[in-house]
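Shown here: structure-v4.txt, compact mmCIF, C-alpha atoms.
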# COMPACT_ATOMS: atom_id res chain seq x y z
CA MET A 1 24.45 34.91 -2.52
CA SER A 2 24.57 35.00 1.26
CA ILE A 3 24.56 31.63 2.97
CA SER A 4 22.10 33.05 5.50
CA SER A 5 19.41 33.25 2.78
CA GLU A 6 17.63 36.05 4.67
CA ASN A 7 14.05 37.06 3.97
CA THR A 8 12.81 40.66 3.83
CA SER A 9 12.51 40.84 7.62
CA GLY A 10 16.21 40.05 8.02
CA LYS A 11 15.54 36.69 9.61
CA GLU A 12 17.34 33.63 8.32
CA ILE A 13 15.06 31.35 6.33
CA LYS A 14 14.52 27.83 7.59
CA ASN A 15 14.88 25.63 4.49
CA ILE A 16 15.84 22.40 6.25
CA TYR A 17 13.17 20.05 7.59
CA SER A 18 15.42 17.76 9.67
CA ILE A 19 18.77 16.01 9.88
CA SER A 20 19.37 12.26 10.12
CA PRO A 21 22.60 12.21 12.12
CA PHE A 22 24.08 8.99 10.75
CA THR A 23 23.76 6.63 7.81
CA LEU A 24 25.93 3.94 6.27
CA LEU A 25 23.50 3.34 3.39
CA ASP A 26 22.88 6.65 1.67
CA TYR A 27 26.41 7.65 0.65
CA PRO A 28 28.22 4.63 -0.83
CA GLY A 29 31.43 3.92 1.03
CA HIS A 30 31.18 6.78 3.51
CA PRO A 31 29.60 7.30 6.94
CA ALA A 32 27.36 10.31 6.49
CA CYS A 33 24.40 12.31 7.71
CA ILE A 34 21.35 13.32 5.69
CA ILE A 35 20.08 16.89 5.53
CA TRP A 36 16.43 16.84 4.47
CA PHE A 37 15.21 19.95 2.66
CA ALA A 38 11.54 20.87 2.96
CA GLY A 39 9.36 21.08 -0.12
CA CYS A 40 9.19 19.44 -3.53
CA ASN A 41 7.81 20.46 -6.90
CA MET A 42 6.72 16.92 -7.76
CA ARG A 43 3.76 15.02 -6.36
CA CYS A 44 4.75 11.37 -6.74
CA SER A 45 1.94 9.40 -5.12
CA TYR A 46 4.34 6.70 -3.85
CA CYS A 47 6.59 9.22 -2.08
CA TYR A 48 7.24 8.06 1.48
CA ASN A 49 8.30 11.51 2.76
CA PRO A 50 4.96 13.39 2.70
CA ASP A 51 5.82 15.35 5.85
CA ILE A 52 9.00 16.66 4.23
CA VAL A 53 7.38 17.38 0.86
CA LEU A 54 4.42 19.26 2.35
CA GLY A 55 6.06 20.54 5.51
CA LYS A 56 7.89 23.72 6.38
CA GLY A 57 11.55 24.07 7.21
CA ARG A 58 12.57 23.90 10.85
CA LEU A 59 16.32 24.49 10.74
CA THR A 60 18.52 27.22 9.33
CA TYR A 61 21.77 26.75 7.44
CA THR A 62 23.59 28.14 10.46
CA GLY A 63 22.05 25.50 12.69
CA ALA A 64 22.93 22.75 10.23
CA LEU A 65 26.53 23.93 9.97
CA ASP A 66 26.80 24.00 13.76
CA PHE A 67 25.64 20.36 13.78
CA LEU A 68 28.24 19.45 11.16
CA ARG A 69 31.03 21.06 13.15
CA SER A 70 30.07 18.80 16.04
CA ARG A 71 30.51 15.77 13.75
CA SER A 72 33.93 16.68 12.42
CA GLY A 73 36.11 13.58 12.44
CA LEU A 74 33.08 11.32 12.93
CA LEU A 75 31.45 11.63 9.51
CA GLN A 76 32.94 11.79 6.05
CA GLY A 77 29.96 12.84 3.95
CA VAL A 78 26.82 14.92 3.92
CA VAL A 79 23.80 13.93 1.84
CA LEU A 80 21.59 16.78 0.64
CA SER A 81 18.14 15.30 0.08
CA GLY A 82 14.45 16.05 0.49
CA GLY A 83 11.87 16.80 -0.77
CA GLU A 84 13.99 18.39 -3.47
CA CYS A 85 17.12 20.10 -2.20
CA LEU A 86 17.85 21.92 -5.48
CA LEU A 87 14.64 23.92 -5.28
CA HIS A 88 16.62 26.16 -2.95
CA SER A 89 18.95 28.35 -5.01
CA SER A 90 21.20 28.93 -1.99
CA VAL A 91 22.19 25.24 -1.87
CA PRO A 92 25.48 25.79 -3.78
CA GLU A 93 26.65 28.29 -1.15
CA PHE A 94 25.60 25.89 1.57
CA ALA A 95 27.48 23.06 -0.16
CA ALA A 96 30.56 25.29 -0.34
CA ARG A 97 30.43 25.81 3.42
CA ILE A 98 30.05 22.07 3.95
CA ARG A 99 33.11 21.41 1.80
CA ASP A 100 35.03 24.05 3.78
CA LEU A 101 34.35 21.96 6.89
CA GLY A 102 36.06 18.98 5.22
CA PHE A 103 33.02 16.89 4.26
CA LEU A 104 32.19 15.22 0.96
CA VAL A 105 28.86 16.27 -0.54
CA LYS A 106 26.29 13.93 -2.10
CA VAL A 107 23.21 15.37 -3.79
CA ASP A 108 19.91 13.51 -4.19
CA THR A 109 17.85 15.22 -6.89
CA ASN A 110 14.70 14.62 -8.90
CA GLY A 111 16.38 16.22 -11.90
CA SER A 112 14.08 19.21 -12.26
CA ARG A 113 16.62 21.99 -11.57
CA PRO A 114 19.47 21.61 -14.08
CA GLU A 115 20.59 25.21 -13.60
CA VAL A 116 21.33 24.64 -9.90
CA LEU A 117 22.99 21.29 -10.61
CA LYS A 118 25.16 23.01 -13.24
CA GLU A 119 26.35 25.54 -10.67
CA LEU A 120 27.28 22.74 -8.27
CA ILE A 121 29.19 20.93 -11.03
CA ASP A 122 30.90 24.06 -12.36
CA ARG A 123 32.08 24.97 -8.86
CA SER A 124 33.14 21.38 -8.02
CA LEU A 125 30.76 21.28 -5.05
CA ALA A 126 29.20 17.86 -5.62
CA ASP A 127 31.22 14.68 -5.11
CA TYR A 128 28.39 12.25 -5.85
CA VAL A 129 24.90 12.66 -7.32
CA SER A 130 21.91 10.34 -7.21
CA LEU A 131 19.66 11.32 -10.10
CA ASP A 132 16.05 10.17 -10.01
CA PHE A 133 14.62 8.99 -13.34
CA LYS A 134 10.91 9.23 -12.70
CA ALA A 135 9.55 8.23 -16.10
CA LEU A 136 9.68 8.84 -19.82
CA PRO A 137 7.33 11.54 -21.21
CA ASP A 138 4.47 9.11 -21.80
CA ARG A 139 4.29 8.26 -18.09
CA GLU A 140 5.74 11.29 -16.32
CA VAL A 141 2.44 13.03 -15.52
CA ALA A 142 1.02 9.82 -14.05
CA VAL A 143 4.12 9.37 -11.90
CA THR A 144 5.06 12.94 -10.90
CA GLY A 145 1.92 14.98 -11.46
CA GLY A 146 3.68 17.23 -13.98
CA LYS A 147 6.06 17.48 -16.92
CA TYR A 148 9.69 17.39 -15.82
CA PHE A 149 11.41 15.14 -18.36
CA GLU A 150 13.29 17.91 -20.16
CA GLY A 151 14.91 18.99 -16.89
CA PHE A 152 15.91 15.41 -16.18
CA ARG A 153 17.42 15.06 -19.65
CA GLN A 154 19.47 18.23 -19.14
CA CYS A 155 20.67 16.99 -15.73
CA LEU A 156 21.68 13.67 -17.25
CA ASP A 157 23.64 15.41 -20.01
CA LEU A 158 25.36 17.67 -17.48
CA LEU A 159 26.47 14.69 -15.42
CA LEU A 160 27.57 12.67 -18.44
CA ASP A 161 29.80 15.58 -19.49
CA SER A 162 31.25 16.07 -16.00
CA PRO A 163 33.78 14.21 -13.83
CA VAL A 164 31.23 13.83 -11.03
CA THR A 165 30.45 10.28 -9.90
CA PHE A 166 26.73 9.68 -10.25
CA GLU A 167 24.05 7.04 -10.40
CA VAL A 168 20.59 6.89 -11.91
CA ARG A 169 17.72 5.36 -9.94
CA THR A 170 14.01 4.77 -10.36
CA THR A 171 11.39 3.99 -7.73
CA VAL A 172 9.04 1.30 -9.02
CA HIS A 173 5.35 0.91 -8.21
CA SER A 174 3.65 -1.59 -10.50
CA ASN A 175 0.55 0.59 -10.96
CA LEU A 176 2.74 3.34 -12.38
CA LEU A 177 5.68 1.62 -14.08
CA GLN A 178 5.81 -1.87 -15.49
CA SER A 179 8.64 -3.90 -16.96
CA ARG A 180 8.12 -2.56 -20.48
CA ASP A 181 8.44 1.00 -19.14
CA LEU A 182 11.64 0.14 -17.30
CA LEU A 183 13.13 -1.45 -20.41
CA LYS A 184 12.37 1.69 -22.43
CA MET A 185 13.90 3.84 -19.68
CA SER A 186 17.01 1.65 -19.59
CA SER A 187 17.33 1.92 -23.37
CA PHE A 188 17.00 5.70 -23.21
CA LEU A 189 19.80 5.89 -20.66
CA ALA A 190 22.08 3.66 -22.71
CA GLN A 191 21.39 5.61 -25.91
CA SER A 192 22.16 8.83 -24.02
CA GLY A 193 25.60 7.47 -23.12
CA TYR A 194 25.03 6.26 -19.57
CA SER A 195 26.94 3.05 -18.88
CA GLY A 196 26.67 2.78 -15.10
CA VAL A 197 24.37 0.65 -12.99
CA TYR A 198 20.68 1.44 -13.24
CA TYR A 199 19.24 1.14 -9.73
CA LEU A 200 15.60 0.18 -9.21
CA GLN A 201 14.11 0.95 -5.81
CA LYS A 202 11.12 -0.98 -4.56
CA PHE A 203 8.04 0.92 -3.46
CA GLN A 204 7.91 1.02 0.34
CA ARG A 205 4.64 -0.67 1.19
CA ASN A 206 4.65 -0.07 4.93
CA ALA A 207 5.22 3.67 4.92
CA PRO A 208 2.70 6.52 4.67
CA THR A 209 2.69 7.99 1.16
CA LEU A 210 2.02 11.36 -0.39
CA GLY A 211 -0.88 10.05 -2.47
CA LYS A 212 -2.81 6.91 -3.18
CA PRO A 213 -0.86 4.93 -5.78
CA GLY A 214 -3.13 1.92 -5.40
CA PRO A 215 -2.12 -1.65 -4.61
CA ASP A 216 1.36 -2.66 -5.71
CA ARG A 217 0.88 -5.90 -7.59
CA GLY A 218 4.25 -7.35 -6.73
CA GLY A 219 7.99 -6.93 -6.86
CA ILE A 220 10.23 -6.16 -9.80
CA ASP A 221 10.34 -8.94 -12.38
CA LEU A 222 14.05 -9.32 -13.08
CA ALA A 223 13.44 -11.99 -15.70
CA ALA A 224 11.43 -9.48 -17.74
CA LEU A 225 14.38 -7.09 -17.63
CA GLU A 226 17.02 -9.49 -18.92
CA THR A 227 17.18 -7.69 -22.26
CA SER A 228 18.10 -4.39 -20.61
CA PRO A 229 21.19 -2.80 -22.20
CA LEU A 230 22.33 -1.71 -18.73
CA SER A 231 23.24 -3.59 -15.60
CA ILE A 232 20.26 -3.40 -13.24
CA GLN A 233 20.38 -3.71 -9.47
CA ILE A 234 17.47 -3.77 -7.03
CA ARG A 235 17.49 -1.78 -3.81
CA GLY A 236 15.34 -2.14 -0.75
Starting from the file, lay out its structure as structure tokens.
Amino acid sequence: MSISSENTSGKEIKNIYSISPFTLLDYPGHPACIIWFAGCNMRCSYCYNPDIVLGKGRLTYTGALDFLRSRSGLLQGVVLSGGECLLHSSVPEFAARIRDLGFLVKVDTNGSRPEVLKELIDRSLADYVSLDFKALPDREVAVTGGKYFEGFRQCLDLLLDSPVTFEVRTTVHSNLLQSRDLLKMSSFLAQSGYSGVYYLQKFQRNAPTLGKPGPDRGGIDLAALETSPLSIQIRG
């Protein structure tokens, strides 16, 4: 597949919404930039990137690669995020070009496109993956607006069977997920063979959101999670 990802008019498609030129937080241990891909197949009401999810792309792959060339020697990693970056089937070719420039590649994914993740893994194009665990089947429609658990399960299995470093994370809004849900999710991960840290991300109260999740009744109750079979850490 051509990296240009041309449409029928011969013009290069703009898949990328924007680029954050520098971060020390989003790629553990590496100074990086974030490439935000437009569009997402999920409709999580707590999502704090509504402009990216609902917006159109503004930048081409060529433009993004030109930016990365200007950061050679200054950055070590590139985070592919969104929206949902793996909705775009040309992402593996883009990742290959990024690797050719000497950068590490981190992928943030909602776990709904296992076939694209498999291609990245098979071609050794992902150095680190952050896999979102939205919910178990009994809560996934309330959280995401659809049924995506099977794709997540396949992504988890792919990563467990690969040498790729990865983490699993869940964004928590108390109207959507409570401690009992998080304990069940933690148990599912452990039973699946995951032994890493399970990261819980706090809902961002002061940001515009994609929907109306309702009032968040408080932070994450760590005491209620003491029986988790996995180590749990809170972010942000």
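The shortest atom-to-atom distance to Tyr199 in chain A, with only C-alpha atoms taken into account, belongs to A:Arg235 out of A:Lys184, A:Lys106, A:Arg235, A:Lys56.
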Exercise for review: Please provide as an NGL selection string all residues within 10 Å of range 16-31 of chain A, with the sequence filter that same-chain residues fewer than 4 positions apart are discarded (counting all atoms listed in the file).
Suggested key: :A and (35-39 or 51-53 or 55-61 or 63-64 or 67-68 or 71 or 74-83 or 85 or 88 or 104-108 or 128-130)
Check your understanding: Counting all atoms listed in the file, which residues come within 9 Å of (-1.2, 10.9, -6.6), with the point read in the file's coordinates, and could you list them as a ChimeraX atom specification?
Key -> /A:43-46,142-145,210-213
Check your understanding: For Asp181 in chain A, which residue among A:Asn49, A:Ser228, A:Ser112, A:Ser124 is the nearest when counting only C-alpha atoms?
Key -> A:Ser228
Practice item. Give as an MDAnalysis selection string the set of residues within 10 Å of the point (6.4, 5.0, 3.0), where distances use the file's coordinates and all atoms listed in the file. Key: chainID A and resid 46:50 203:210
For those residues, write C-alpha atoms to a file as a PDB file, in the coordinates of the input.
ATOM      1  CA  TYR A  46       4.340   6.700  -3.850  1.00  0.00           C
ATOM      2  CA  CYS A  47       6.590   9.220  -2.080  1.00  0.00           C
ATOM      3  CA  TYR A  48       7.240   8.060   1.480  1.00  0.00           C
ATOM      4  CA  ASN A  49       8.300  11.510   2.760  1.00  0.00           C
ATOM      5  CA  PRO A  50       4.960  13.390   2.700  1.00  0.00           C
ATOM      6  CA  PHE A 203       8.040   0.920  -3.460  1.00  0.00           C
ATOM      7  CA  GLN A 204       7.910   1.020   0.340  1.00  0.00           C
ATOM      8  CA  ARG A 205       4.640  -0.670   1.190  1.00  0.00           C
ATOM      9  CA  ASN A 206       4.650  -0.070   4.930  1.00  0.00           C
ATOM     10  CA  ALA A 207       5.220   3.670   4.920  1.00  0.00           C
ATOM     11  CA  PRO A 208       2.700   6.520   4.670  1.00  0.00           C
ATOM     12  CA  THR A 209       2.690   7.990   1.160  1.00  0.00           C
ATOM     13  CA  LEU A 210       2.020  11.360  -0.390  1.00  0.00           C
TER      14      LEU A 210
END
Exercise for review: Show which residues sit within 12 Å of Lys147 in chain A, as number ranges by chain. Count all atoms listed in the file, and ignore same-chain residues fewer than 4 positions away.
Suggested key: A: 41-44, 111-112, 134-143, 151-153
Revision key, fill the gap. From CA of Lys14 in chain A to CA of Thr165 in chain A the spacing works out at 29.5 Å
Point to revise | Proximity to Leu189 in chain A - best of A:Leu65, A:Leu230, A:Leu222, A:Leu159, all atoms listed in the file | key: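 Selected residue with least distance to Leu189 in chain A: A:Leu230.
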Revision key, fill the gap. Between CA of Tyr194 in chain A and CA of Leu125 in chain A lies a distance of 21.7 Å
Starting from the incomplete input, reconstruct N, CA and C atoms of range 204-226 of chain A and report them as a JSON list (two decimals), keeping the file's coordinate frame.
[["chain", "number", "residue", "atom", "x", "y", "z"],
["A", 204, "GLN", "N", 7.96, 1.37, -1.08],
["A", 204, "GLN", "CA", 7.91, 1.02, 0.34],
["A", 204, "GLN", "C", 6.45, 0.86, 0.77],
["A", 205, "ARG", "N", 6.05, -0.39, 0.92],
["A", 205, "ARG", "CA", 4.64, -0.67, 1.19],
["A", 205, "ARG", "C", 4.18, -0.27, 2.57],
["A", 206, "ASN", "N", 5.06, -0.26, 3.54],
["A", 206, "ASN", "CA", 4.65, -0.07, 4.93],
["A", 206, "ASN", "C", 4.87, 1.35, 5.43],
["A", 207, "ALA", "N", 5.01, 2.28, 4.52],
["A", 207, "ALA", "CA", 5.22, 3.67, 4.92],
["A", 207, "ALA", "C", 4.06, 4.53, 4.43],
["A", 208, "PRO", "N", 3.73, 5.60, 5.16],
["A", 208, "PRO", "CA", 2.70, 6.52, 4.67],
["A", 208, "PRO", "C", 3.19, 7.19, 3.39],
["A", 209, "THR", "N", 2.29, 7.43, 2.45],
["A", 209, "THR", "CA", 2.69, 7.99, 1.16],
["A", 209, "THR", "C", 1.99, 9.32, 0.89],
["A", 210, "LEU", "N", 2.54, 10.05, -0.06],
["A", 210, "LEU", "CA", 2.02, 11.36, -0.39],
["A", 210, "LEU", "C", 0.63, 11.27, -1.02],
["A", 211, "GLY", "N", 0.41, 10.23, -1.82],
["A", 211, "GLY", "CA", -0.88, 10.05, -2.47],
["A", 211, "GLY", "C", -1.39, 8.64, -2.30],
["A", 212, "LYS", "N", -2.24, 8.25, -3.22],
["A", 212, "LYS", "CA", -2.81, 6.91, -3.18],
["A", 212, "LYS", "C", -2.47, 6.20, -4.50],
["A", 213, "PRO", "N", -1.29, 5.57, -4.54],
["A", 213, "PRO", "CA", -0.86, 4.93, -5.78],
["A", 213, "PRO", "C", -1.61, 3.66, -6.12],
["A", 214, "GLY", "N", -2.42, 3.17, -5.18],
["A", 214, "GLY", "CA", -3.13, 1.92, -5.40],
["A", 214, "GLY", "C", -2.29, 0.73, -4.97],
["A", 215, "PRO", "N", -2.86, -0.46, -5.05],
["A", 215, "PRO", "CA", -2.12, -1.65, -4.61],
["A", 215, "PRO", "C", -0.96, -1.97, -5.54],
["A", 216, "ASP", "N", 0.19, -2.24, -4.93],
["A", 216, "ASP", "CA", 1.36, -2.66, -5.71],
["A", 216, "ASP", "C", 1.23, -4.15, -5.97],
["A", 217, "ARG", "N", 1.21, -4.52, -7.23],
["A", 217, "ARG", "CA", 0.88, -5.90, -7.59],
["A", 217, "ARG", "C", 2.05, -6.87, -7.44],
["A", 218, "GLY", "N", 3.14, -6.41, -6.93],
["A", 218, "GLY", "CA", 4.25, -7.35, -6.73],
["A", 218, "GLY", "C", 5.59, -6.67, -6.90],
["A", 219, "GLY", "N", 6.64, -7.45, -6.75],
["A", 219, "GLY", "CA", 7.99, -6.93, -6.86],
["A", 219, "GLY", "C", 8.41, -6.72, -8.31],
["A", 220, "ILE", "N", 9.68, -6.41, -8.48],
["A", 220, "ILE", "CA", 10.23, -6.16, -9.80],
["A", 220, "ILE", "C", 10.59, -7.49, -10.45],
["A", 221, "ASP", "N", 10.11, -7.69, -11.65],
["A", 221, "ASP", "CA", 10.34, -8.94, -12.38],
["A", 221, "ASP", "C", 11.68, -8.86, -13.12],
["A", 222, "LEU", "N", 12.72, -9.40, -12.48],
["A", 222, "LEU", "CA", 14.05, -9.32, -13.08],
["A", 222, "LEU", "C", 14.13, -10.09, -14.39],
["A", 223, "ALA", "N", 13.40, -11.20, -14.48],
["A", 223, "ALA", "CA", 13.44, -11.99, -15.70],
["A", 223, "ALA", "C", 12.95, -11.18, -16.89],
["A", 224, "ALA", "N", 11.98, -10.30, -16.66],
["A", 224, "ALA", "CA", 11.43, -9.48, -17.74],
["A", 224, "ALA", "C", 12.39, -8.37, -18.16],
["A", 225, "LEU", "N", 13.43, -8.16, -17.34],
["A", 225, "LEU", "CA", 14.38, -7.09, -17.63],
["A", 225, "LEU", "C", 15.71, -7.62, -18.16],
["A", 226, "GLU", "N", 15.76, -8.88, -18.49],
["A", 226, "GLU", "CA", 17.02, -9.49, -18.92],
["A", 226, "GLU", "C", 17.56, -8.88, -20.20]]
